[in-house]
file target.csv (CSV, C-alpha atoms)
chain,number,residue,atom,x,y,z
W,1419,MET,CA,-54.0,-116.8,79.6
W,1420,SER,CA,-54.6,-114.6,76.6
W,1421,PHE,CA,-54.0,-111.5,78.8
W,1422,GLN,CA,-50.8,-113.0,80.2
W,1423,ARG,CA,-49.6,-113.8,76.7
W,1424,THR,CA,-50.4,-110.3,75.6
W,1425,TYR,CA,-48.5,-108.8,78.5
W,1426,GLY,CA,-45.6,-111.2,77.9
W,1427,LEU,CA,-45.4,-110.2,74.3
W,1428,SER,CA,-45.5,-106.5,75.2
W,1429,PHE,CA,-42.7,-106.9,77.7
W,1430,LEU,CA,-40.7,-108.8,75.2
W,1431,VAL,CA,-41.1,-106.1,72.6
W,1432,LEU,CA,-40.2,-103.4,75.1
W,1433,THR,CA,-37.1,-105.4,76.2
W,1434,LEU,CA,-35.9,-105.8,72.6
W,1435,PHE,CA,-36.6,-102.1,72.0
W,1436,LEU,CA,-34.6,-101.2,75.1
W,1437,ILE,CA,-31.6,-103.3,73.9
W,1438,GLY,CA,-31.8,-101.6,70.5
W,1439,CYS,CA,-31.9,-98.1,72.2
W,1440,PHE,CA,-28.9,-99.1,74.4
W,1441,PHE,CA,-26.7,-100.0,71.4
W,1442,LEU,CA,-27.9,-97.0,69.5
W,1443,ASN,CA,-26.9,-94.8,72.4
W,1444,VAL,CA,-23.4,-96.2,72.9
W,1445,SER,CA,-22.7,-96.2,69.2
W,1446,LEU,CA,-23.5,-92.5,68.7
W,1447,GLY,CA,-21.6,-89.5,70.0
W,1448,SER,CA,-19.2,-86.7,69.1
W,1449,VAL,CA,-16.6,-89.3,67.9
W,1450,HIS,CA,-17.8,-91.5,65.1
W,1451,ILE,CA,-17.3,-95.2,66.0
W,1452,PRO,CA,-18.4,-97.9,63.7
W,1453,LEU,CA,-21.1,-100.2,65.1
W,1454,LYS,CA,-18.9,-103.2,64.5
W,1455,ALA,CA,-16.2,-101.6,66.7
W,1456,THR,CA,-18.8,-101.0,69.4
W,1457,PHE,CA,-19.8,-104.6,69.5
W,1458,SER,CA,-16.1,-105.6,69.5
W,1459,SER,CA,-15.6,-103.5,72.6
W,1460,PHE,CA,-18.3,-105.4,74.5
W,1461,PHE,CA,-17.4,-108.9,73.3
W,1462,GLY,CA,-13.6,-108.7,73.1
W,1463,GLY,CA,-13.1,-108.5,69.4
W,1464,THR,CA,-10.3,-106.9,67.5
W,1465,ILE,CA,-10.6,-103.1,67.3
W,1466,PHE,CA,-8.7,-101.0,64.7
W,1467,ASN,CA,-8.4,-98.0,66.9
W,1468,PRO,CA,-7.7,-98.6,70.7
W,1469,SER,CA,-9.1,-95.2,71.6
W,1470,TRP,CA,-12.6,-96.4,70.4
W,1471,GLU,CA,-12.7,-99.1,73.0
W,1472,TYR,CA,-11.7,-96.6,75.8
W,1473,ILE,CA,-14.4,-94.2,74.7
W,1474,VAL,CA,-17.1,-96.9,74.6
W,1475,LEU,CA,-16.2,-98.6,77.9
W,1476,ASN,CA,-15.2,-95.6,80.0
W,1477,TYR,CA,-17.6,-92.9,78.8
W,1478,ARG,CA,-20.5,-94.1,76.7
W,1479,LEU,CA,-21.2,-97.4,78.6
W,1480,PRO,CA,-21.5,-95.8,82.1
W,1481,LYS,CA,-23.5,-92.9,80.5
W,1482,ALA,CA,-25.9,-95.3,78.9
W,1483,LEU,CA,-26.3,-97.4,82.2
W,1484,THR,CA,-26.8,-94.1,84.1
W,1485,ALA,CA,-29.6,-93.2,81.7
W,1486,ILE,CA,-31.3,-96.6,82.1
W,1487,ILE,CA,-31.1,-96.5,85.9
W,1488,SER,CA,-32.2,-92.9,86.1
W,1489,GLY,CA,-35.1,-93.3,83.8
W,1490,ALA,CA,-36.3,-96.4,85.5
W,1491,ALA,CA,-35.9,-94.9,89.0
W,1492,LEU,CA,-37.7,-91.7,88.3
W,1493,SER,CA,-40.5,-93.5,86.5
W,1494,LEU,CA,-41.1,-95.9,89.4
W,1495,SER,CA,-41.0,-93.1,91.9
W,1496,GLY,CA,-43.5,-91.2,89.8
W,1497,LEU,CA,-45.8,-94.2,89.7
W,1498,LEU,CA,-45.6,-94.5,93.5
W,1499,MET,CA,-46.4,-90.9,94.1
W,1500,GLN,CA,-49.3,-90.8,91.7
W,1501,THR,CA,-50.9,-93.9,93.3
W,1502,LEU,CA,-50.3,-92.8,96.9
W,1503,PHE,CA,-51.9,-89.4,96.3
W,1504,ARG,CA,-54.3,-90.6,93.6
W,1505,ASN,CA,-53.3,-87.6,91.6
W,1506,PRO,CA,-52.4,-88.0,87.9
W,1507,LEU,CA,-50.2,-84.8,88.0
W,1508,ALA,CA,-48.1,-86.0,91.0
W,1509,GLY,CA,-44.4,-86.6,90.2
W,1510,PRO,CA,-41.4,-88.0,92.1
W,1511,PHE,CA,-40.4,-84.5,93.4
W,1512,VAL,CA,-43.8,-83.5,94.9
W,1513,LEU,CA,-42.4,-84.2,98.4
W,1514,GLY,CA,-39.6,-81.6,98.0
W,1515,ILE,CA,-36.8,-84.2,97.6
W,1516,SER,CA,-35.5,-82.6,94.5
W,1517,SER,CA,-35.6,-79.2,96.1
W,1518,GLY,CA,-33.7,-80.5,99.0
W,1519,ALA,CA,-31.0,-81.9,96.7
W,1520,SER,CA,-30.9,-78.5,94.9
W,1521,LEU,CA,-30.5,-76.8,98.3
W,1522,GLY,CA,-27.6,-79.0,99.2
W,1523,ALA,CA,-25.8,-78.3,95.9
W,1524,ALA,CA,-26.6,-74.6,96.2
W,1525,LEU,CA,-25.1,-74.4,99.7
W,1526,LEU,CA,-21.9,-76.0,98.5
W,1527,ILE,CA,-21.6,-74.1,95.2
W,1528,MET,CA,-22.9,-70.7,96.2
W,1529,GLY,CA,-22.9,-70.8,100.0
W,1530,GLY,CA,-19.2,-71.6,100.0
W,1531,SER,CA,-18.4,-68.2,98.4
W,1532,PHE,CA,-19.5,-66.4,101.5
W,1533,LEU,CA,-16.9,-68.3,103.5
W,1534,GLY,CA,-14.2,-68.0,100.9
W,1535,GLY,CA,-10.8,-69.8,100.6
W,1536,PHE,CA,-10.9,-73.5,101.0
W,1537,PHE,CA,-14.7,-73.7,101.3
W,1538,SER,CA,-15.2,-72.1,97.9
W,1539,THR,CA,-12.6,-74.0,96.0
W,1540,GLY,CA,-11.1,-76.9,97.9
W,1541,LEU,CA,-14.4,-78.7,98.6
W,1542,MET,CA,-15.7,-78.2,95.0
W,1543,THR,CA,-15.5,-81.6,93.4
W,1544,ASP,CA,-18.0,-83.9,91.7
W,1545,VAL,CA,-18.0,-86.2,94.7
W,1546,SER,CA,-18.5,-83.4,97.2
W,1547,LEU,CA,-21.3,-82.0,95.1
W,1548,ALA,CA,-23.0,-85.4,95.0
W,1549,ILE,CA,-22.6,-85.8,98.7
W,1550,ALA,CA,-24.0,-82.3,99.4
W,1551,ALA,CA,-27.1,-83.0,97.1
W,1552,SER,CA,-27.6,-86.3,98.8
W,1553,LEU,CA,-27.5,-84.8,102.3
W,1554,GLY,CA,-30.0,-82.1,101.2
W,1555,SER,CA,-32.5,-84.6,99.8
W,1556,PHE,CA,-32.0,-86.9,102.8
W,1557,MET,CA,-32.8,-84.2,105.3
W,1558,VAL,CA,-36.0,-83.3,103.4
W,1559,LEU,CA,-36.9,-87.0,103.3
W,1560,LEU,CA,-36.4,-87.3,107.0
W,1561,ALA,CA,-38.7,-84.3,107.6
W,1562,VAL,CA,-41.3,-85.7,105.3
W,1563,VAL,CA,-41.2,-89.1,107.0
W,1564,ALA,CA,-41.5,-87.4,110.4
W,1565,VAL,CA,-44.6,-85.5,109.2
W,1566,ALA,CA,-46.0,-88.7,107.6
W,1567,ASN,CA,-46.1,-90.4,111.0
W,1568,LYS,CA,-48.2,-87.6,112.5
W,1569,VAL,CA,-50.7,-86.8,109.7
W,1570,LYS,CA,-53.4,-89.2,108.5
W,1571,ASP,CA,-54.5,-87.5,105.3
W,1572,THR,CA,-52.3,-88.0,102.3
W,1573,MET,CA,-53.5,-84.7,100.8
W,1574,THR,CA,-52.1,-82.9,103.9
W,1575,LEU,CA,-48.8,-84.7,103.4
W,1576,LEU,CA,-48.8,-83.6,99.7
W,1577,ILE,CA,-49.3,-79.9,100.7
W,1578,ILE,CA,-46.6,-80.1,103.4
W,1579,GLY,CA,-44.2,-81.6,100.8
W,1580,LEU,CA,-44.9,-78.8,98.4
W,1581,MET,CA,-44.3,-76.3,101.3
W,1582,PHE,CA,-40.9,-78.0,101.9
W,1583,GLY,CA,-40.1,-77.5,98.3
W,1584,SER,CA,-41.2,-73.8,98.4
W,1585,ILE,CA,-39.0,-73.2,101.5
W,1586,THR,CA,-35.9,-74.8,100.0
W,1587,GLY,CA,-36.5,-73.1,96.7
W,1588,ALA,CA,-36.7,-69.7,98.4
W,1589,ILE,CA,-33.4,-70.3,100.1
W,1590,VAL,CA,-31.8,-71.2,96.8
W,1591,SER,CA,-33.2,-68.0,95.3
W,1592,VAL,CA,-31.7,-65.9,98.1
W,1593,LEU,CA,-28.3,-67.6,97.6
W,1594,SER,CA,-28.6,-67.0,93.8
W,1595,TYR,CA,-29.3,-63.4,94.3
W,1596,PHE,CA,-26.2,-62.7,96.4
W,1597,THR,CA,-23.7,-65.1,94.8
W,1598,GLN,CA,-21.1,-64.4,92.2
W,1599,ALA,CA,-21.9,-64.8,88.5
W,1600,GLU,CA,-19.4,-67.7,88.1
W,1601,LYS,CA,-20.9,-69.6,91.0
W,1602,LEU,CA,-24.4,-69.0,89.8
W,1603,GLN,CA,-23.5,-70.3,86.3
W,1604,GLN,CA,-22.0,-73.4,87.9
W,1605,PHE,CA,-25.2,-74.1,89.8
W,1606,VAL,CA,-27.3,-73.5,86.7
W,1607,TYR,CA,-25.2,-76.0,84.8
W,1608,TRP,CA,-25.8,-78.6,87.6
W,1609,SER,CA,-29.5,-77.9,87.4
W,1610,PHE,CA,-29.5,-78.8,83.7
W,1611,GLY,CA,-28.9,-82.4,84.7
W,1612,SER,CA,-26.4,-84.8,83.1
W,1613,VAL,CA,-26.0,-88.6,82.9
W,1614,GLY,CA,-22.5,-88.4,81.4
W,1615,ASN,CA,-20.5,-87.3,84.4
W,1616,LEU,CA,-20.6,-90.4,86.6
W,1617,SER,CA,-17.7,-92.6,87.3
W,1618,TRP,CA,-18.0,-96.4,87.5
W,1619,ASN,CA,-18.1,-96.2,91.3
W,1620,GLN,CA,-20.9,-93.7,91.2
W,1621,VAL,CA,-22.9,-95.8,88.7
W,1622,GLY,CA,-22.5,-98.8,91.0
W,1623,LEU,CA,-23.7,-96.8,94.0
W,1624,LEU,CA,-26.7,-95.5,92.0
W,1625,PHE,CA,-27.5,-99.1,90.9
W,1626,VAL,CA,-27.4,-100.4,94.5
W,1627,ILE,CA,-29.8,-97.7,95.7
W,1628,PHE,CA,-32.0,-98.3,92.7
W,1629,LEU,CA,-32.3,-102.0,93.6
W,1630,ILE,CA,-33.2,-101.2,97.2
W,1631,GLY,CA,-35.9,-98.7,96.1
W,1632,THR,CA,-37.2,-101.1,93.6
W,1633,VAL,CA,-37.5,-103.9,96.2
W,1634,LEU,CA,-39.4,-101.6,98.5
W,1635,GLY,CA,-41.7,-100.7,95.6
W,1636,ILE,CA,-42.3,-104.4,94.9
W,1637,LEU,CA,-43.2,-105.0,98.6
W,1638,CYS,CA,-45.8,-102.2,98.3
W,1639,ILE,CA,-47.7,-103.7,95.2
W,1640,LYS,CA,-50.7,-104.9,97.2
W,1641,PRO,CA,-51.1,-101.6,99.2
W,1642,LEU,CA,-50.7,-99.6,96.0
W,1643,ASN,CA,-53.5,-101.5,94.3
W,1644,THR,CA,-55.8,-100.9,97.3
W,1645,PHE,CA,-54.9,-97.2,97.5
W,1646,LEU,CA,-56.4,-96.8,94.1
W,1647,LEU,CA,-59.8,-97.2,95.7
W,1648,GLY,CA,-59.1,-95.0,98.7
W,1649,GLU,CA,-57.4,-95.3,102.1
W,1650,ASN,CA,-60.7,-96.3,103.8
W,1651,TYR,CA,-61.0,-99.3,101.5
W,1652,ALA,CA,-57.4,-100.2,102.0
W,1653,GLN,CA,-57.8,-100.0,105.8
W,1654,SER,CA,-60.9,-102.2,105.6
W,1655,LEU,CA,-58.8,-104.9,103.9
W,1656,GLY,CA,-56.3,-104.8,106.7
W,1657,ILE,CA,-53.6,-102.8,104.9
W,1658,PRO,CA,-51.4,-101.0,107.5
W,1659,LEU,CA,-51.6,-97.4,106.2
W,1660,LYS,CA,-48.7,-95.8,108.1
W,1661,LYS,CA,-46.3,-98.6,107.4
W,1662,SER,CA,-47.3,-98.8,103.7
W,1663,ARG,CA,-47.1,-95.0,103.3
W,1664,PHE,CA,-43.7,-95.0,105.0
W,1665,LEU,CA,-42.3,-97.6,102.7
W,1666,ILE,CA,-43.7,-95.8,99.6
W,1667,ILE,CA,-42.2,-92.5,100.7
W,1668,LEU,CA,-38.9,-94.1,101.6
W,1669,ALA,CA,-38.7,-95.9,98.2
W,1670,THR,CA,-39.5,-92.6,96.4
W,1671,GLY,CA,-36.9,-90.7,98.4
W,1672,LEU,CA,-34.2,-93.3,97.7
W,1673,LEU,CA,-35.0,-93.5,94.0
W,1674,ALA,CA,-35.6,-89.8,93.2
W,1675,GLY,CA,-33.0,-88.5,95.7
W,1676,SER,CA,-30.1,-90.7,94.5
W,1677,VAL,CA,-30.8,-89.7,90.8
W,1678,THR,CA,-31.0,-86.0,91.6
W,1679,ALA,CA,-27.9,-86.1,93.8
W,1680,LEU,CA,-25.7,-87.9,91.1
W,1681,ALA,CA,-27.3,-86.8,87.8
W,1682,GLY,CA,-29.0,-83.6,88.8
W,1683,PRO,CA,-32.7,-82.7,88.7
W,1684,ILE,CA,-34.3,-84.4,85.6
W,1685,ALA,CA,-37.9,-83.3,84.9
W,1686,PHE,CA,-41.0,-84.8,83.4
W,1687,VAL,CA,-39.8,-88.4,83.1
W,1688,GLY,CA,-41.3,-89.4,86.4
W,1689,LEU,CA,-44.5,-87.5,85.6
W,1690,ALA,CA,-45.1,-88.7,82.0
W,1691,VAL,CA,-43.9,-92.3,81.9
W,1692,PRO,CA,-46.5,-93.9,84.3
W,1693,HIS,CA,-49.2,-92.5,82.1
W,1694,LEU,CA,-47.6,-93.9,79.0
W,1695,ALA,CA,-47.3,-97.3,80.7
W,1696,ARG,CA,-51.0,-97.2,81.7
W,1697,GLN,CA,-52.0,-96.4,78.1
W,1698,LEU,CA,-49.7,-99.1,76.6
W,1699,PHE,CA,-50.9,-101.9,78.9
W,1700,LYS,CA,-54.5,-100.7,79.6
W,1701,THR,CA,-54.3,-101.7,83.3
W,1702,THR,CA,-54.0,-100.2,86.7
W,1703,ASP,CA,-52.6,-103.4,88.3
W,1704,HIS,CA,-49.2,-102.6,89.8
W,1705,LYS,CA,-48.0,-106.1,89.2
W,1706,ILE,CA,-48.0,-105.1,85.5
W,1707,LEU,CA,-47.4,-101.4,85.8
W,1708,LEU,CA,-44.2,-101.6,88.0
W,1709,PRO,CA,-42.1,-103.5,85.5
W,1710,ALA,CA,-43.7,-101.6,82.7
W,1711,VAL,CA,-42.7,-98.2,84.0
W,1712,LEU,CA,-39.1,-99.5,84.6
W,1713,LEU,CA,-38.8,-100.5,81.0
W,1714,CYS,CA,-40.6,-97.4,79.5
W,1715,GLY,CA,-38.6,-95.1,81.7
W,1716,ALA,CA,-35.3,-96.6,80.7
W,1717,ILE,CA,-36.2,-96.5,77.0
W,1718,LEU,CA,-37.4,-92.8,77.2
W,1719,MET,CA,-34.2,-91.7,79.0
W,1720,LEU,CA,-32.0,-93.5,76.6
W,1721,LEU,CA,-33.8,-91.8,73.7
W,1722,CYS,CA,-33.6,-88.4,75.3
W,1723,ASP,CA,-29.8,-88.8,76.0
W,1724,THR,CA,-29.3,-90.0,72.4
W,1725,VAL,CA,-31.0,-86.8,71.1
W,1726,ALA,CA,-29.2,-84.6,73.7
W,1727,GLN,CA,-25.7,-85.7,72.8
W,1728,LEU,CA,-26.1,-84.5,69.1
W,1729,PRO,CA,-24.3,-87.4,67.2
W,1730,ASN,CA,-21.1,-86.4,65.4
W,1731,SER,CA,-21.1,-83.0,67.2
W,1732,GLU,CA,-19.1,-81.8,70.2
W,1733,ASN,CA,-22.2,-80.0,71.6
W,1734,VAL,CA,-24.3,-81.7,74.2
W,1735,LEU,CA,-27.8,-80.3,75.0
W,1736,PRO,CA,-29.0,-80.3,78.6
W,1737,ILE,CA,-30.9,-83.5,79.3
W,1738,ASN,CA,-33.5,-81.5,81.2
W,1739,ALA,CA,-34.4,-79.6,78.0
W,1740,ILE,CA,-34.9,-82.8,76.0
W,1741,THR,CA,-37.0,-84.5,78.6
W,1742,SER,CA,-39.2,-81.4,79.0
W,1743,ILE,CA,-39.6,-81.1,75.2
W,1744,LEU,CA,-40.8,-84.7,75.0
W,1745,GLY,CA,-42.6,-84.8,78.4
W,1746,ALA,CA,-44.6,-81.5,78.1
W,1747,PRO,CA,-46.8,-82.8,75.2
W,1748,VAL,CA,-47.6,-85.9,77.3
W,1749,VAL,CA,-48.7,-83.8,80.2
W,1750,ILE,CA,-50.8,-81.6,77.9
W,1751,TRP,CA,-52.4,-84.7,76.5
W,1752,LEU,CA,-53.0,-86.0,80.0
W,1753,LEU,CA,-54.8,-82.8,81.0
W,1754,LEU,CA,-57.1,-83.2,77.9
W,1755,ARG,CA,-57.9,-86.8,78.9
W,1756,LYS,CA,-57.9,-86.2,82.7
W,1757,ARG,CA,-61.5,-87.3,83.1
W,1758,LYS,CA,-60.7,-90.7,81.7
W,1759,MET,CA,-57.9,-91.4,84.1
W,1760,VAL,CA,-58.6,-93.8,87.0
W,1761,PHE,CA,-57.2,-92.9,90.4

call {"tool": "encode", "arguments": {"input": "target.csv", "output": "structure tokens"}}
result
Amino acid sequence: MSFQRTYGLSFLVLTLFLIGCFFLNVSLGSVHIPLKATFSSFFGGTIFNPSWEYIVLNYRLPKALTAIISGAALSLSGLLMQTLFRNPLAGPFVLGISSGASLGAALLIMGGSFLGGFFSTGLMTDVSLAIAASLGSFMVLLAVVAVANKVKDTMTLLIIGLMFGSITGAIVSVLSYFTQAEKLQQFVYWSFGSVGNLSWNQVGLLFVIFLIGTVLGILCIKPLNTFLLGENYAQSLGIPLKKSRFLIILATGLLAGSVTALAGPIAFVGLAVPHLARQLFKTTDHKILLPAVLLCGAILMLLCDTVAQLPNSENVLPINAITSILGAPVVIWLLLRKRKMVF
């Protein structure tokens, strides 16, 4: 009971902190909006300046929700990959899903210039870019799933996933070498990642995919706990290895692929947050870790976005830069404590 109370108190503190980070995020930005006006926008109060309500409800609110969903999704997918491969340095993109999304975006942005005309300008919209990135990540996901049904060793699957990433990265490099400077700059800007360019429809789509991926992750809690002791042990307990591995890969592909397609590749969150959750809760039980990484990931992403948007300034830093600055020290710390990690 004492452990349950301790976990309950920890989750309560994280939830309250998440709510505080959320209101901090939506109240800060290039336009100064009083905190009272921000609350009035949510709860229907009287607002002195009508444009404040529009900024809060149509720009800052979807941006904050995107940050919450993206951080939670990447963190959960990172936890799934680290447990599946029993590797503390595995992240949500080790299977090449992010590289596949980058390839799809690169083919649309830079590949269209080789065809010219309509293909280089008419198809270039935010929606088409998200669709192209989604198709790229989905194709790599299908390839990984097909390979997963034929190989028995997860380490082999990890190496094959890295090879998929290398192949797609090489194609992107070739396209970058031959493309125009303007198109290359556009692709580089996409690769910075952004949680502020999504419409309400895209936020809704991201949330639906996030729910599906999270449900799949919940269904895999028992296999995940047994995978910590090795696949042979899991098999001795009657865990269907192929089915469980398929569900974990599918959940990771949906979570990481959707975020990359709609918000761009965002680094370090999926790698760092699972380790932070383990250190905060002092457990490897996925019944505790799964909701913990969701909360910690959402909080970290909100904080990173708050820093990136430079309050009271028109400049917005790339979200990838902020997550890397905050995430790299965590990875260094992890390497120094690697022998103490349990996988």

call {"tool": "closest_residue", "arguments": {"input": "target.csv", "among": "W:Thr1572, W:Asn1505, W:Ser1617, W:Ser1546", "to": "Ile1527 of chain W", "atoms": "all atoms listed in the file"}}
result
W:Ser1546

call {"tool": "closest_residue", "arguments": {"input": "target.csv", "among": "W:Leu1513, W:Leu1521, W:Val1444, W:Met1573", "to": "Leu1720 of chain W", "atoms": "only C-alpha atoms"}}
result
W:Val1444

call {"tool": "residues_around", "arguments": {"input": "target.csv", "residues": "Thr1702 of chain W", "least_positions_apart": "2", "cutoff": "12 Å", "atoms": "all atoms listed in the file", "output": "compact mmCIF listing (two decimals) with C-alpha atoms, in the coordinates of the input"}}
result
# COMPACT_ATOMS: atom_id res chain seq x y z
CA LEU W 1497 -45.80 -94.20 89.70
CA GLN W 1500 -49.30 -90.80 91.70
CA THR W 1501 -50.90 -93.90 93.30
CA ARG W 1504 -54.30 -90.60 93.60
CA ILE W 1639 -47.70 -103.70 95.20
CA LYS W 1640 -50.70 -104.90 97.20
CA LEU W 1642 -50.70 -99.60 96.00
CA ASN W 1643 -53.50 -101.50 94.30
CA THR W 1644 -55.80 -100.90 97.30
CA PHE W 1645 -54.90 -97.20 97.50
CA LEU W 1646 -56.40 -96.80 94.10
CA LEU W 1647 -59.80 -97.20 95.70
CA PRO W 1692 -46.50 -93.90 84.30
CA HIS W 1693 -49.20 -92.50 82.10
CA LEU W 1694 -47.60 -93.90 79.00
CA ALA W 1695 -47.30 -97.30 80.70
CA ARG W 1696 -51.00 -97.20 81.70
CA GLN W 1697 -52.00 -96.40 78.10
CA LEU W 1698 -49.70 -99.10 76.60
CA PHE W 1699 -50.90 -101.90 78.90
CA LYS W 1700 -54.50 -100.70 79.60
CA HIS W 1704 -49.20 -102.60 89.80
CA LYS W 1705 -48.00 -106.10 89.20
CA ILE W 1706 -48.00 -105.10 85.50
CA LEU W 1707 -47.40 -101.40 85.80
CA LEU W 1708 -44.20 -101.60 88.00
CA ALA W 1710 -43.70 -101.60 82.70
CA VAL W 1711 -42.70 -98.20 84.00
CA MET W 1759 -57.90 -91.40 84.10
CA VAL W 1760 -58.60 -93.80 87.00
CA PHE W 1761 -57.20 -92.90 90.40

call {"tool": "closest_residue", "arguments": {"input": "target.csv", "among": "W:Gly1518, W:Gly1614, W:Gly1656, W:Gly1715", "to": "Ala1690 of chain W", "atoms": "only C-alpha atoms"}}
result
W:Gly1715

call {"tool": "closest_residue", "arguments": {"input": "target.csv", "among": "W:Ser1594, W:Thr1456, W:Thr1741, W:Ser1493", "to": "Pro1468 of chain W", "atoms": "only C-alpha atoms"}}
result
W:Thr1456

call {"tool": "atom_distance", "arguments": {"input": "target.csv", "atom1": "atom CA of Ala1561 of chain W", "atom2": "atom CA of Ile1657 of chain W"}}
result
23.9 Å

call {"tool": "atom_distance", "arguments": {"input": "target.csv", "atom1": "atom CA of Ile1549 of chain W", "atom2": "atom CA of Thr1670 of chain W"}}
result
18.4 Å

call {"tool": "atom_distance", "arguments": {"input": "target.csv", "atom1": "atom CA of Leu1434 of chain W", "atom2": "atom CA of Thr1724 of chain W"}}
result
17.1 Å

call {"tool": "closest_residue", "arguments": {"input": "target.csv", "among": "W:Ala1523, W:Leu1498, W:Leu1673, W:Leu1453", "to": "Val1606 of chain W", "atoms": "all atoms listed in the file"}}
result
W:Ala1523

call {"tool": "closest_residue", "arguments": {"input": "target.csv", "among": "W:Leu1718, W:Cys1439, W:Leu1547, W:Val1449", "to": "Asn1733 of chain W", "atoms": "all atoms listed in the file"}}
result
W:Val1449

call {"tool": "residues_near_point", "arguments": {"input": "target.csv", "point": "(-13.9, -93.9, 71.2)", "cutoff": "12 Å", "atoms": "only C-alpha atoms", "output": "number ranges by chain"}}
result
W: 1444-1453, 1455-1456, 1459, 1465-1479, 1730

call {"tool": "residues_around", "arguments": {"input": "target.csv", "residues": "Gly1611 of chain W", "least_positions_apart": "3", "cutoff": "7 Å", "atoms": "only C-alpha atoms", "output": "ChimeraX atom specification"}}
result
/W:1608,1681-1684,1736-1738

call {"tool": "residues_around", "arguments": {"input": "target.csv", "residues": "Thr1632 of chain W", "least_positions_apart": "4", "cutoff": "10 Å", "atoms": "only C-alpha atoms", "output": "PyMOL selection string"}}
result
chain W and resi 1490-1491+1494-1495+1626-1628+1636-1638+1669-1670+1672-1673+1708-1709+1712

call {"tool": "residues_near_point", "arguments": {"input": "target.csv", "point": "(-38.4, -105.5, 74.4)", "cutoff": "12 Å", "atoms": "all atoms listed in the file", "output": "ChimeraX atom specification"}}
result
/W:1425-1440,1709-1710,1712-1714,1716-1717

call {"tool": "decode", "arguments": {"input": "target.csv", "residues": "segment 1742-1746 of chain W", "atoms": "all heavy atoms", "output": "mmCIF file, in the first residue's frame"}}
result
data_model
loop_
_atom_site.group_PDB
_atom_site.id
_atom_site.type_symbol
_atom_site.label_atom_id
_atom_site.label_comp_id
_atom_site.auth_asym_id
_atom_site.auth_seq_id
_atom_site.Cartn_x
_atom_site.Cartn_y
_atom_site.Cartn_z
ATOM 1 N N SER W 1742 17.609 18.605 -28.135
ATOM 2 C CA SER W 1742 18.962 18.048 -28.128
ATOM 3 C C SER W 1742 19.803 18.645 -27.007
ATOM 4 O O SER W 1742 20.576 17.945 -26.351
ATOM 5 C CB SER W 1742 19.636 18.302 -29.481
ATOM 6 O OG SER W 1742 18.939 17.650 -30.522
ATOM 7 N N ILE W 1743 19.659 19.956 -26.785
ATOM 8 C CA ILE W 1743 20.413 20.608 -25.721
ATOM 9 C C ILE W 1743 20.031 20.031 -24.359
ATOM 10 O O ILE W 1743 20.888 19.811 -23.485
ATOM 11 C CB ILE W 1743 20.174 22.131 -25.752
ATOM 12 C CG1 ILE W 1743 20.848 22.746 -26.984
ATOM 13 C CG2 ILE W 1743 20.699 22.793 -24.479
ATOM 14 C CD1 ILE W 1743 20.523 24.205 -27.192
ATOM 15 N N LEU W 1744 18.747 19.759 -24.175
ATOM 16 C CA LEU W 1744 18.302 19.199 -22.903
ATOM 17 C C LEU W 1744 18.517 17.688 -22.841
ATOM 18 O O LEU W 1744 18.738 17.129 -21.766
ATOM 19 C CB LEU W 1744 16.814 19.520 -22.685
ATOM 20 C CG LEU W 1744 16.459 20.993 -22.525
ATOM 21 C CD1 LEU W 1744 14.958 21.151 -22.305
ATOM 22 C CD2 LEU W 1744 17.216 21.613 -21.362
ATOM 23 N N GLY W 1745 18.436 17.019 -23.996
ATOM 24 C CA GLY W 1745 18.522 15.567 -24.001
ATOM 25 C C GLY W 1745 19.932 15.027 -23.994
ATOM 26 O O GLY W 1745 20.198 13.973 -23.406
ATOM 27 N N ALA W 1746 20.866 15.735 -24.637
ATOM 28 C CA ALA W 1746 22.243 15.249 -24.710
ATOM 29 C C ALA W 1746 22.879 15.046 -23.335
ATOM 30 O O ALA W 1746 23.522 14.021 -23.097
ATOM 31 C CB ALA W 1746 23.082 16.196 -25.567
#
